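Listing of upload.cif, mmCIF, C-alpha atoms
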```
data_upload
loop_
_atom_site.label_atom_id
_atom_site.label_comp_id
_atom_site.auth_asym_id
_atom_site.auth_seq_id
_atom_site.Cartn_x
_atom_site.Cartn_y
_atom_site.Cartn_z
CA MET A 1 256.36 -39.98 128.71
CA ASP A 2 254.11 -38.97 131.62
CA LYS A 3 251.47 -41.59 132.41
CA ILE A 4 248.03 -40.64 133.70
CA LEU A 5 245.77 -43.04 135.59
CA ILE A 6 242.00 -42.63 135.18
CA ILE A 7 239.83 -44.29 137.86
CA ASP A 8 236.18 -44.08 136.83
CA ASP A 9 233.41 -46.70 136.71
CA ASN A 10 231.95 -45.10 133.57
CA ILE A 11 233.56 -46.76 130.53
CA SER A 12 232.52 -43.88 128.25
CA VAL A 13 234.24 -41.36 130.50
CA CYS A 14 237.44 -43.42 130.48
CA LYS A 15 237.39 -43.67 126.69
CA ALA A 16 236.72 -39.97 126.19
CA LEU A 17 239.51 -38.92 128.57
CA THR A 18 241.93 -41.45 127.07
CA ILE A 19 241.37 -40.14 123.53
CA LEU A 20 241.74 -36.53 124.69
CA LEU A 21 244.96 -37.17 126.61
CA GLU A 22 246.60 -39.46 124.05
CA ILE A 23 246.02 -36.85 121.32
CA HIS A 24 248.10 -34.53 123.50
CA ARG A 25 250.92 -37.09 123.87
CA PHE A 26 250.15 -38.45 127.33
CA SER A 27 250.33 -42.13 128.13
CA VAL A 28 247.04 -43.27 129.68
CA THR A 29 245.86 -46.27 131.66
CA SER A 30 242.37 -46.61 133.08
CA CYS A 31 240.41 -48.81 135.45
CA HIS A 32 236.90 -48.87 136.88
CA SER A 33 237.40 -49.33 140.62
CA PRO A 34 239.57 -47.83 143.37
CA GLN A 35 240.86 -51.30 144.27
CA HIS A 36 242.19 -51.84 140.75
CA GLY A 37 243.62 -48.32 140.78
CA MET A 38 245.63 -49.10 143.93
CA GLU A 39 247.09 -52.18 142.24
CA ILE A 40 248.17 -50.13 139.23
CA LEU A 41 249.75 -47.46 141.45
CA ALA A 42 251.71 -50.15 143.27
CA GLN A 43 253.10 -51.55 140.01
CA GLU A 44 253.50 -48.62 137.61
CA LYS A 45 255.03 -45.14 137.64
CA ILE A 46 252.08 -42.73 137.47
CA SER A 47 252.47 -38.95 137.08
CA LEU A 48 248.86 -37.93 137.81
CA VAL A 49 245.52 -39.50 138.79
CA ILE A 50 242.04 -38.49 137.62
CA LEU A 51 239.66 -39.93 140.21
CA ASP A 52 235.87 -40.22 140.05
CA MET A 53 233.99 -39.63 143.31
CA ASN A 54 231.22 -42.26 143.01
CA PHE A 55 231.46 -45.89 141.93
CA SER A 56 228.36 -47.71 143.17
CA GLN A 57 225.11 -47.41 141.21
CA ASP A 58 222.79 -44.62 142.40
CA THR A 59 225.46 -43.31 144.80
CA THR A 60 226.13 -39.56 144.86
CA SER A 61 227.64 -38.94 148.30
CA GLY A 62 231.24 -38.94 147.11
CA GLU A 63 232.33 -41.01 150.11
CA GLU A 64 233.83 -43.74 147.89
CA GLY A 65 236.00 -41.22 146.08
CA LYS A 66 236.93 -39.57 149.35
CA GLU A 67 238.07 -42.90 150.79
CA ALA A 68 240.03 -43.70 147.61
CA PHE A 69 241.63 -40.24 147.67
CA TYR A 70 242.99 -40.71 151.19
CA LYS A 71 244.30 -44.20 150.34
CA ILE A 72 246.18 -42.82 147.32
CA ARG A 73 247.59 -39.99 149.43
CA ALA A 74 248.79 -42.57 151.96
CA MET A 75 250.54 -44.50 149.18
CA GLN A 76 252.07 -41.51 147.36
CA ALA A 77 251.76 -38.26 149.24
CA ASP A 78 253.07 -36.05 146.42
CA LEU A 79 251.10 -37.56 143.53
CA PRO A 80 248.76 -34.97 141.90
CA ILE A 81 245.10 -36.07 142.08
CA ILE A 82 242.28 -34.41 140.13
CA LEU A 83 238.81 -35.23 141.50
CA LEU A 84 236.06 -35.50 138.90
CA THR A 85 232.36 -35.74 139.76
CA ALA A 86 228.88 -35.15 138.41
CA TRP A 87 227.65 -34.36 141.92
CA THR A 88 229.54 -31.48 143.48
CA ASP A 89 229.60 -31.30 147.27
CA LEU A 90 231.16 -27.94 148.16
CA GLU A 91 231.99 -28.89 151.73
CA MET A 92 233.70 -32.11 150.66
CA ALA A 93 235.51 -30.31 147.83
CA VAL A 94 236.96 -27.79 150.29
CA GLU A 95 238.02 -30.58 152.66
CA LEU A 96 239.78 -32.61 149.98
CA VAL A 97 241.51 -29.63 148.38
CA LYS A 98 242.79 -28.66 151.83
CA SER A 99 244.02 -32.25 152.21
CA GLY A 100 246.04 -32.02 149.01
CA ALA A 101 243.70 -32.64 146.09
CA ALA A 102 245.12 -30.80 143.06
CA ASP A 103 241.70 -29.82 141.68
CA TYR A 104 237.99 -30.65 141.97
CA LEU A 105 236.20 -30.54 138.60
CA SER A 106 232.58 -31.11 137.64
CA LYS A 107 231.31 -33.33 134.82
CA PRO A 108 231.03 -32.53 132.00
CA TRP A 109 234.52 -31.09 132.03
CA ASP A 110 236.07 -28.39 129.88
CA ASP A 111 238.73 -30.11 127.71
CA GLN A 112 241.06 -27.13 127.50
CA LYS A 113 240.81 -26.32 131.19
CA LEU A 114 241.49 -29.94 132.08
CA LEU A 115 244.52 -30.13 129.75
CA VAL A 116 246.01 -26.91 131.12
CA THR A 117 245.46 -28.15 134.68
CA ILE A 118 247.11 -31.50 133.95
CA LYS A 119 250.14 -29.96 132.22
CA ASN A 120 250.64 -27.43 134.99
CA LEU A 121 250.32 -30.04 137.73
CA ILE A 122 252.77 -32.47 136.09
CA GLU A 123 255.29 -29.70 135.46
CA LEU A 124 254.93 -28.42 139.04
CA ASN A 125 255.28 -31.92 140.45
CA GLU A 126 258.42 -32.57 138.40
CA THR A 127 259.87 -29.26 139.60
CA ASN A 128 259.04 -30.19 143.20
CA GLN A 129 260.65 -33.60 142.77
CA VAL A 130 263.85 -31.99 141.47
CA ALA A 131 263.81 -29.54 144.38
CA GLN A 132 263.27 -32.37 146.85
CA LYS A 133 266.10 -34.36 145.30
CA LEU A 134 268.44 -31.36 145.54
CA ARG A 135 267.32 -30.77 149.11
CA ARG A 136 268.02 -34.41 150.01
CA GLN A 137 271.42 -34.21 148.32
CA HIS A 138 272.22 -31.05 150.27
CA GLN A 139 271.09 -32.64 153.53
CA GLU A 140 273.16 -35.73 152.81
CA ARG A 141 276.16 -33.57 151.99
CA VAL A 142 275.74 -31.61 155.22
CA ARG A 143 275.42 -34.88 157.14
CA ILE A 144 278.59 -36.30 155.59
CA ASN A 145 280.50 -33.06 156.07
CA ASP A 146 279.44 -32.99 159.73
CA THR A 147 280.22 -36.63 160.49
CA ALA A 148 283.07 -37.54 158.11
CA ASP A 149 286.63 -36.31 157.78
CA LEU A 150 286.94 -35.10 154.19
CA ARG A 151 290.53 -33.92 154.59
CA GLY A 152 289.70 -30.43 153.34
CA LEU A 153 288.32 -31.63 149.99
CA ILE A 154 286.70 -28.78 148.02
CA TYR A 155 283.86 -29.69 145.68
CA GLU A 156 280.38 -28.63 144.59
CA SER A 157 279.44 -31.07 141.81
CA THR A 158 276.99 -33.93 142.22
CA SER A 159 279.47 -36.35 140.61
CA MET A 160 281.99 -35.62 143.35
CA GLN A 161 279.27 -35.87 145.99
CA ARG A 162 278.48 -39.39 144.80
CA LEU A 163 282.16 -40.29 144.86
CA VAL A 164 282.65 -38.89 148.37
CA ASP A 165 279.56 -40.77 149.57
CA MET A 166 281.03 -44.01 148.24
CA ALA A 167 284.50 -43.29 149.64
CA VAL A 168 283.13 -42.65 153.14
CA GLN A 169 280.93 -45.73 152.93
CA VAL A 170 283.67 -48.13 151.80
CA ALA A 171 286.13 -46.63 154.29
CA GLU A 172 284.47 -48.59 157.09
CA SER A 173 285.24 -51.93 155.43
CA ASN A 174 288.62 -53.58 155.08
CA ALA A 175 288.24 -54.17 151.33
CA SER A 176 290.91 -53.21 148.81
CA VAL A 177 289.98 -50.10 146.81
CA LEU A 178 291.17 -49.10 143.34
CA ILE A 179 290.86 -45.39 142.54
CA THR A 180 290.91 -44.64 138.82
CA GLY A 181 291.10 -41.29 137.08
CA PRO A 182 293.40 -38.94 135.16
CA ASN A 183 296.59 -37.43 136.54
CA GLY A 184 296.07 -34.42 138.77
CA ALA A 185 292.39 -35.13 139.46
CA GLY A 186 292.86 -35.80 143.18
CA LYS A 187 293.17 -39.58 143.59
CA GLU A 188 295.50 -39.21 146.58
CA LYS A 189 292.95 -36.97 148.33
CA ILE A 190 290.30 -39.69 147.94
CA ALA A 191 292.74 -42.22 149.41
CA GLU A 192 293.26 -39.88 152.37
CA ILE A 193 289.50 -39.69 152.92
CA ILE A 194 289.24 -43.48 152.92
CA GLN A 195 292.03 -43.81 155.47
CA ALA A 196 290.76 -40.98 157.68
CA ASN A 197 287.29 -42.51 157.96
CA SER A 198 288.40 -46.11 158.37
CA LEU A 199 288.82 -48.19 161.50
CA ARG A 200 292.57 -47.90 160.83
CA ASN A 201 292.65 -44.12 161.04
CA ASN A 202 294.93 -44.26 164.09
CA GLY A 203 297.35 -46.60 162.33
CA PRO A 204 300.11 -45.72 159.89
CA PHE A 205 299.22 -44.29 156.48
CA ILE A 206 302.07 -44.95 154.07
CA LYS A 207 302.04 -43.50 150.53
CA VAL A 208 304.13 -44.92 147.70
CA ASN A 209 304.31 -43.51 144.18
CA ILE A 210 305.20 -46.61 142.19
CA GLY A 211 305.86 -44.51 139.10
CA ALA A 212 308.60 -42.58 140.88
CA LEU A 213 310.51 -45.67 142.03
CA PRO A 214 313.39 -47.07 139.94
CA GLN A 215 312.52 -50.56 138.68
CA ASP A 216 315.56 -52.15 140.35
CA LEU A 217 314.65 -50.68 143.76
CA MET A 218 310.88 -51.09 143.60
CA GLU A 219 310.67 -54.46 145.37
CA SER A 220 313.08 -53.47 148.11
CA GLU A 221 311.07 -50.30 148.70
CA LEU A 222 307.86 -52.28 149.08
CA PHE A 223 309.07 -55.41 150.84
CA GLY A 224 312.40 -54.40 152.37
CA ALA A 225 315.89 -55.86 151.94
CA GLU A 226 318.59 -57.45 154.04
CA ALA A 227 322.09 -56.01 154.19
CA GLY A 228 324.05 -57.12 151.12
CA ALA A 229 320.93 -58.07 149.12
CA TYR A 230 322.09 -55.78 146.31
CA THR A 231 324.93 -53.37 145.58
CA GLY A 232 324.81 -50.47 148.01
CA ALA A 233 322.55 -52.26 150.53
CA ASP A 234 324.91 -51.92 153.49
CA LYS A 235 322.19 -52.29 156.14
CA GLN A 236 318.80 -53.86 156.61
CA ARG A 237 315.97 -51.93 154.96
CA ILE A 238 312.38 -51.96 156.23
CA GLY A 239 309.87 -51.98 153.38
CA ARG A 240 306.66 -49.97 153.08
CA PHE A 241 304.48 -52.97 153.89
CA GLU A 242 306.19 -53.44 157.24
CA ALA A 243 305.97 -49.72 157.91
CA ALA A 244 302.22 -49.80 157.18
CA ASP A 245 301.49 -52.80 159.45
CA GLY A 246 298.18 -52.18 161.23
CA GLY A 247 297.30 -49.33 158.91
CA THR A 248 296.82 -48.43 155.24
CA LEU A 249 299.22 -48.51 152.30
CA PHE A 250 298.44 -46.26 149.32
CA LEU A 251 300.03 -47.46 146.08
CA ASP A 252 299.79 -44.72 143.48
CA GLU A 253 300.41 -45.49 139.78
CA ILE A 254 300.01 -49.20 140.49
CA GLY A 255 300.14 -49.94 136.74
CA ASN A 256 303.91 -49.28 136.80
CA LEU A 257 304.63 -52.17 139.18
CA SER A 258 306.88 -54.83 137.61
CA LEU A 259 305.51 -58.33 136.97
CA SER A 260 307.70 -59.82 139.70
CA GLY A 261 306.53 -57.09 142.08
CA GLN A 262 302.94 -57.82 141.06
CA MET A 263 303.42 -61.48 141.99
CA LYS A 264 304.71 -60.58 145.45
CA LEU A 265 301.96 -58.01 145.93
CA LEU A 266 299.33 -60.62 145.05
CA ARG A 267 300.75 -62.95 147.69
CA VAL A 268 300.66 -60.24 150.35
CA LEU A 269 297.05 -59.43 149.51
CA GLN A 270 296.12 -63.12 149.72
CA THR A 271 298.08 -64.16 152.81
CA GLY A 272 299.65 -61.06 154.38
CA GLU A 273 303.04 -62.75 153.98
CA PHE A 274 306.26 -61.74 152.19
CA GLU A 275 310.06 -61.99 152.41
CA ARG A 276 312.57 -59.20 152.31
CA LEU A 277 315.02 -59.26 149.43
CA GLY A 278 317.98 -61.46 150.37
CA SER A 279 316.07 -63.30 153.10
CA HIS A 280 314.06 -66.50 153.41
CA ALA A 281 312.39 -65.41 156.63
CA THR A 282 308.66 -64.88 156.16
CA HIS A 283 307.04 -61.79 157.64
CA LYS A 284 303.31 -61.36 158.17
CA VAL A 285 301.54 -58.00 158.20
CA ASP A 286 298.00 -56.66 158.49
CA VAL A 287 297.73 -53.92 155.85
CA ARG A 288 294.81 -52.49 153.91
CA VAL A 289 295.83 -51.62 150.36
CA VAL A 290 294.34 -48.66 148.49
CA SER A 291 295.74 -48.28 144.99
CA ALA A 292 295.33 -45.75 142.19
CA THR A 293 296.03 -45.56 138.49
CA ASN A 294 295.44 -43.41 135.45
CA ALA A 295 296.15 -46.40 133.19
CA ASP A 296 293.68 -48.77 131.54
CA LEU A 297 294.60 -51.89 133.52
CA LEU A 298 292.21 -54.09 131.54
CA ALA A 299 294.06 -53.12 128.36
CA ASP A 300 297.37 -53.82 130.13
CA ILE A 301 296.08 -57.26 131.10
CA GLY A 302 295.40 -57.97 127.43
CA LYS A 303 298.97 -56.94 126.59
CA GLY A 304 300.43 -59.14 129.31
CA LEU A 305 301.65 -56.12 131.32
CA PHE A 306 299.40 -56.59 134.35
CA ARG A 307 298.23 -59.71 136.14
CA GLU A 308 294.51 -60.36 135.89
CA ASP A 309 294.34 -62.07 139.29
CA LEU A 310 296.03 -59.07 140.93
CA PHE A 311 293.63 -56.68 139.20
CA TYR A 312 290.62 -58.40 140.75
CA ARG A 313 292.32 -58.45 144.16
CA LEU A 314 292.95 -54.70 143.98
CA ASN A 315 289.62 -53.89 142.37
CA VAL A 316 287.27 -55.23 145.05
CA ILE A 317 285.77 -51.73 145.07
CA GLN A 318 286.49 -49.21 142.31
CA LEU A 319 286.08 -45.47 142.70
CA ALA A 320 286.19 -43.65 139.35
CA LEU A 321 287.30 -40.04 139.86
CA PRO A 322 286.06 -37.79 137.02
CA ALA A 323 288.31 -35.30 135.26
CA LEU A 324 287.84 -31.65 136.23
CA ALA A 325 286.35 -30.97 132.77
CA GLU A 326 283.53 -33.37 133.71
CA ARG A 327 282.73 -31.52 136.94
CA LEU A 328 283.01 -27.84 136.10
CA ASP A 329 280.82 -26.93 139.09
CA ASP A 330 283.98 -27.49 141.14
CA VAL A 331 286.11 -24.95 139.26
CA ILE A 332 284.95 -21.73 140.95
CA PRO A 333 284.95 -23.17 144.51
CA LEU A 334 288.46 -24.51 143.89
CA ILE A 335 289.65 -21.13 142.56
CA GLU A 336 288.19 -19.40 145.62
CA HIS A 337 290.00 -21.91 147.84
CA PHE A 338 293.36 -21.70 146.06
CA THR A 339 293.28 -17.88 145.89
CA GLN A 340 292.00 -17.62 149.48
CA GLN A 341 288.96 -15.67 148.20
CA SER A 342 291.14 -12.59 148.25
CA LYS A 343 289.22 -10.89 145.41
CA PRO A 344 286.51 -11.70 142.84
CA LEU A 345 286.91 -13.11 139.34
CA SER A 346 286.21 -10.80 136.43
CA LYS A 347 283.32 -11.96 134.25
CA LEU A 348 285.68 -12.53 131.33
CA ALA A 349 288.01 -14.67 133.45
CA GLU A 350 285.11 -16.67 134.88
CA ARG A 351 283.67 -17.45 131.43
CA HIS A 352 287.03 -18.55 130.08
CA LEU A 353 288.02 -20.61 133.10
CA LEU A 354 284.69 -22.44 133.04
CA ASN A 355 285.05 -23.22 129.32
CA TYR A 356 288.65 -24.36 129.53
CA THR A 357 289.10 -28.16 129.48
CA TRP A 358 291.80 -28.30 132.22
CA PRO A 359 293.81 -31.23 130.80
CA GLY A 360 296.00 -31.12 133.91
CA ASN A 361 292.91 -31.23 136.14
CA VAL A 362 292.94 -29.87 139.72
CA ARG A 363 296.75 -29.78 139.77
CA GLU A 364 296.81 -27.49 136.72
CA LEU A 365 294.13 -25.26 138.25
CA GLU A 366 296.06 -24.98 141.50
CA ASN A 367 299.22 -24.03 139.62
CA ALA A 368 297.28 -21.42 137.62
CA CYS A 369 295.92 -19.94 140.84
CA GLN A 370 299.39 -19.78 142.39
CA ARG A 371 300.56 -17.89 139.31
CA ALA A 372 297.64 -15.48 139.63
CA MET A 373 298.47 -14.86 143.29
CA LEU A 374 302.01 -13.89 142.27
CA PHE A 375 301.32 -11.67 139.26
CA SER A 376 297.86 -10.13 139.61
CA LYS A 377 297.82 -6.35 140.17
CA SER A 378 294.13 -5.48 139.57
CA GLN A 379 291.09 -5.41 141.87
CA GLU A 380 289.70 -8.52 140.15
CA TRP A 381 291.29 -11.72 138.91
CA GLN A 382 291.83 -11.29 135.18
CA LEU A 383 292.15 -14.07 132.60
CA GLU A 384 295.79 -13.25 131.89
CA ASP A 385 296.62 -13.69 135.60
CA PHE A 386 296.06 -17.44 135.23
CA GLY A 387 298.54 -17.84 132.39
CA LEU A 388 296.39 -19.48 129.74
CA SER A 389 298.21 -19.39 126.42
CA PRO A 390 296.85 -17.15 123.62
CA GLN A 391 295.96 -20.29 121.64
CA GLN A 392 293.91 -21.63 124.57
CA ALA A 393 292.14 -18.30 125.05
CA GLN A 394 291.34 -18.01 121.33
CA LEU A 395 289.91 -21.53 121.28
CA ILE A 396 287.68 -20.75 124.27
CA GLU A 397 286.57 -17.44 122.75
CA LYS A 398 285.68 -19.18 119.50
CA VAL A 399 283.40 -21.61 121.34
CA GLU A 400 281.84 -18.86 123.45
CA THR A 401 281.18 -16.34 120.70
CA GLU A 402 279.41 -18.94 118.58
CA ASP A 403 276.61 -18.83 121.17
CA LEU A 404 276.19 -15.04 120.97
CA SER A 405 273.38 -13.77 118.75
CA GLU A 406 273.17 -10.43 116.93
CA GLN A 407 270.55 -9.33 119.49
CA ASP A 408 272.94 -10.17 122.35
CA ILE A 409 275.61 -7.98 120.76
CA MET A 410 273.22 -5.07 120.07
CA THR A 411 271.79 -5.18 123.61
CA ALA A 412 275.26 -5.10 125.18
CA LEU A 413 276.37 -2.22 122.91
CA ASN A 414 273.25 -0.20 123.73
CA GLU A 415 273.67 -0.77 127.47
CA ALA A 416 277.33 0.27 127.18
CA SER A 417 276.44 3.37 125.11
CA GLY A 418 278.52 1.99 122.26
CA VAL A 419 281.73 1.68 124.29
CA ILE A 420 283.32 -1.53 123.00
CA SER A 421 285.34 -2.35 126.12
CA LYS A 422 282.25 -2.03 128.35
CA ALA A 423 280.12 -4.11 126.00
CA ALA A 424 282.80 -6.81 125.89
CA ARG A 425 282.91 -6.94 129.68
CA LYS A 426 279.11 -7.27 129.81
CA LEU A 427 279.29 -10.22 127.39
CA GLY A 428 282.27 -11.75 129.17
CA ILE A 429 284.50 -11.78 126.07
CA SER A 430 287.54 -9.83 124.91
CA ARG A 431 287.29 -6.71 122.71
CA GLN A 432 288.91 -8.60 119.83
CA ALA A 433 286.28 -11.36 120.09
CA LEU A 434 283.51 -8.75 120.13
CA TYR A 435 284.95 -7.02 117.04
CA ARG A 436 285.02 -10.35 115.20
CA ARG A 437 281.40 -11.04 116.12
CA MET A 438 280.35 -7.52 115.05
CA ASP A 439 282.04 -8.07 111.69
CA LYS A 440 280.15 -11.31 111.24
CA PHE A 441 276.77 -9.61 111.76
CA GLY A 442 277.77 -6.46 109.85
CA ILE A 443 277.38 -4.23 112.92
CA ASN A 444 279.00 -0.84 112.34
CA LYS A 445 281.90 -0.16 114.73
#
```
Whole structure given in structure tokens:
Amino acid sequence: MDKILIIDDNISVCKALTILLEIHRFSVTSCHSPQHGMEILAQEKISLVILDMNFSQDTTSGEEGKEAFYKIRAMQADLPIILLTAWTDLEMAVELVKSGAADYLSKPWDDQKLLVTIKNLIELNETNQVAQKLRRQHQERVRINDTADLRGLIYESTSMQRLVDMAVQVAESNASVLITGPNGAGKEKIAEIIQANSLRNNGPFIKVNIGALPQDLMESELFGAEAGAYTGADKQRIGRFEAADGGTLFLDEIGNLSLSGQMKLLRVLQTGEFERLGSHATHKVDVRVVSATNADLLADIGKGLFREDLFYRLNVIQLALPALAERLDDVIPLIEHFTQQSKPLSKLAERHLLNYTWPGNVRELENACQRAMLFSKSQEWQLEDFGLSPQQAQLIEKVETEDLSEQDIMTALNEASGVISKAARKLGISRQALYRRMDKFGINK
């Protein structure tokens, strides 16, 4: 609820304004001196100030209000301030309005005019604050894009912007990072950004997919093995930790690491030391570990499948990568990137692709775009080019058409001169979906 601060030495004025504003669902606080008003502004979130111009007895110059006005502006430059006075000084009114006063009203005031002014000012200020926030976000994004290596990451959503900000920030440290998120969302790309912007960016960057390693070879892959350590080991094998010495090791699908491998990994993270399989010689390395998982490691800890002490070693900093369905602002930029912006999306395809849940995330979208590049023959990308199954398309259409009103349908039909295919294109749905909606409303075909 928006809170309004009234600063007026007249108790009756404060009471009258408080009753008026509270009836119209504003929160109100009042005080009787500029000094007290400054204290309130320093402690509370205020959306608008109504400020009297005179506070001392028999004073009509307005200088006290003028001084208070400039102090408030110095504290909060964007805060709307309505000046209220029984003694109007036109020259001072012009000066203060030019200096940012929202309005200059005479006592007695017009209730309706005051209410309209307050509502408009609060709404305008909120709009300006949103615009300023978006502008700051854009400036920060431009700054990061200009100064950081984002490894070609394509995104538009604010959730990804926050994640990228964090990734670039933590890259400069040497802390272990755990990237969580669903398969295909881009966890490896975030790991690349961390490595590229770290102090180790000139060192090795070794990637290991733990989930793709056979259990019996996992430890030798990570820590190496001496000749004869196991059947088929006819020569010494250098592990990934040794290969990554002085750089970064990315362990994807860390939840699949065996318990014995987890114990060795914990030791490396604590001391930098390990032994190759079949050897008692201790090796020491300097490696930063970035890991990733789509599993619930806390649940795995409860089941005895993952070591709690290792989890906290890996999870010094956690970056949670959202699914593509949670950042749909990224879908169109990604499509444009994957299809090389070779032609535009049809309205129907755009509506469907933005309503699809993308369970396979960015990887699924990339595959769909590759399919479209191979099979599309039209001047625009069509929905069928992306290979969504009929069941998926019907589900999306069902959700979409529920939002269409009878007036929407009639307007589209009139604009298309009754041609069903044109009206469907205007609405961004298929002809079959439009027919079903027309049947629902009893619109004659």
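Put simply, the PyMOL selection byres ((chain A and resi 15-18) around 9) on this file hits A:Ile6, A:Asn10, A:Ile11, A:Ser12, A:Val13, A:Cys14, A:Ile19, A:Leu20, A:Leu21, A:Glu22, A:Ile23, A:Phe26, A:Ser27, A:Val28, A:Thr29, A:Ser30, A:Asp111.
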message: Need to verify the contact set: A:Ala68, 12 Å, all atoms listed in the file, exclusion of same-chain residues closer than 6 positions in sequence. Can you return it as a PyMOL selection string?
response: chain A and resi 7-8+33-38+49-55+62+74-75+81+83+96+101
field: Top pick for closest residue to A:Ala148, considering A:Leu222, A:Ala191, A:Val94, A:Ala196 and counting only C-alpha atoms
entry: A:Ala196
field: Å distance separating atom CA of A:Phe311 from atom CA of A:Gly278, one decimal place
entry: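 About the pair atom CA of A:Phe311 and atom CA of A:Gly278: they are 27.2 Å apart.
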- prompt: How many Å lie between atom CA of A:Asp58 and atom CA of A:Leu114, rounded to one decimal?
  reply: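 For atom CA of A:Asp58 relative to atom CA of A:Leu114, the distance reads 25.9 Å.
Between atom CA of A:Ala167 and atom CA of A:Ile194 the interatomic distance comes to 5.8 Å.
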Final N, CA and C atoms of stretch 236-255 of chain A as an mmCIF file, in the frame of the given file:
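Ended up saving to part_1.cif:
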```
data_model
loop_
_atom_site.group_PDB
_atom_site.id
_atom_site.type_symbol
_atom_site.label_atom_id
_atom_site.label_comp_id
_atom_site.auth_asym_id
_atom_site.auth_seq_id
_atom_site.Cartn_x
_atom_site.Cartn_y
_atom_site.Cartn_z
ATOM 1 N N GLN A 236 320.160 -53.351 156.804
ATOM 2 C CA GLN A 236 318.800 -53.860 156.610
ATOM 3 C C GLN A 236 317.841 -52.714 156.309
ATOM 4 N N ARG A 237 316.930 -52.965 155.362
ATOM 5 C CA ARG A 237 315.970 -51.930 154.960
ATOM 6 C C ARG A 237 314.543 -52.425 155.237
ATOM 7 N N ILE A 238 313.773 -51.632 155.961
ATOM 8 C CA ILE A 238 312.380 -51.960 156.230
ATOM 9 C C ILE A 238 311.522 -51.476 155.061
ATOM 10 N N GLY A 239 310.712 -52.348 154.509
ATOM 11 C CA GLY A 239 309.870 -51.980 153.380
ATOM 12 C C GLY A 239 308.593 -51.247 153.801
ATOM 13 N N ARG A 240 307.879 -50.749 152.795
ATOM 14 C CA ARG A 240 306.660 -49.970 153.080
ATOM 15 C C ARG A 240 305.561 -50.830 153.686
ATOM 16 N N PHE A 241 305.508 -52.111 153.302
ATOM 17 C CA PHE A 241 304.480 -52.970 153.890
ATOM 18 C C PHE A 241 304.689 -53.129 155.386
ATOM 19 N N GLU A 242 305.919 -53.332 155.804
ATOM 20 C CA GLU A 242 306.190 -53.440 157.240
ATOM 21 C C GLU A 242 305.868 -52.124 157.950
ATOM 22 N N ALA A 243 306.227 -51.029 157.309
ATOM 23 C CA ALA A 243 305.970 -49.720 157.910
ATOM 24 C C ALA A 243 304.477 -49.456 158.066
ATOM 25 N N ALA A 244 303.662 -50.045 157.158
ATOM 26 C CA ALA A 244 302.220 -49.800 157.180
ATOM 27 C C ALA A 244 301.458 -50.819 158.014
ATOM 28 N N ASP A 245 302.151 -51.731 158.692
ATOM 29 C CA ASP A 245 301.490 -52.800 159.450
ATOM 30 C C ASP A 245 300.475 -52.211 160.449
ATOM 31 N N GLY A 246 299.246 -52.689 160.374
ATOM 32 C CA GLY A 246 298.180 -52.180 161.230
ATOM 33 C C GLY A 246 297.471 -50.973 160.672
ATOM 34 N N GLY A 247 297.912 -50.527 159.485
ATOM 35 C CA GLY A 247 297.300 -49.330 158.910
ATOM 36 C C GLY A 247 296.979 -49.520 157.431
ATOM 37 N N THR A 248 297.208 -48.459 156.650
ATOM 38 C CA THR A 248 296.820 -48.430 155.240
ATOM 39 C C THR A 248 298.029 -48.083 154.380
ATOM 40 N N LEU A 249 298.152 -48.783 153.264
ATOM 41 C CA LEU A 249 299.220 -48.510 152.300
ATOM 42 C C LEU A 249 298.571 -48.027 151.006
ATOM 43 N N PHE A 250 298.967 -46.827 150.565
ATOM 44 C CA PHE A 250 298.440 -46.260 149.320
ATOM 45 C C PHE A 250 299.478 -46.423 148.228
ATOM 46 N N LEU A 251 299.133 -47.206 147.204
ATOM 47 C CA LEU A 251 300.030 -47.460 146.080
ATOM 48 C C LEU A 251 299.546 -46.678 144.871
ATOM 49 N N ASP A 252 300.173 -45.552 144.625
ATOM 50 C CA ASP A 252 299.790 -44.720 143.480
ATOM 51 C C ASP A 252 300.516 -45.223 142.224
ATOM 52 N N GLU A 253 299.877 -45.027 141.065
ATOM 53 C CA GLU A 253 300.410 -45.490 139.780
ATOM 54 C C GLU A 253 300.754 -46.977 139.822
ATOM 55 N N ILE A 254 299.795 -47.767 140.295
ATOM 56 C CA ILE A 254 300.010 -49.200 140.490
ATOM 57 C C ILE A 254 300.316 -49.909 139.166
ATOM 58 N N GLY A 255 299.896 -49.327 138.055
ATOM 59 C CA GLY A 255 300.140 -49.940 136.740
ATOM 60 C C GLY A 255 301.607 -50.016 136.387
#
```
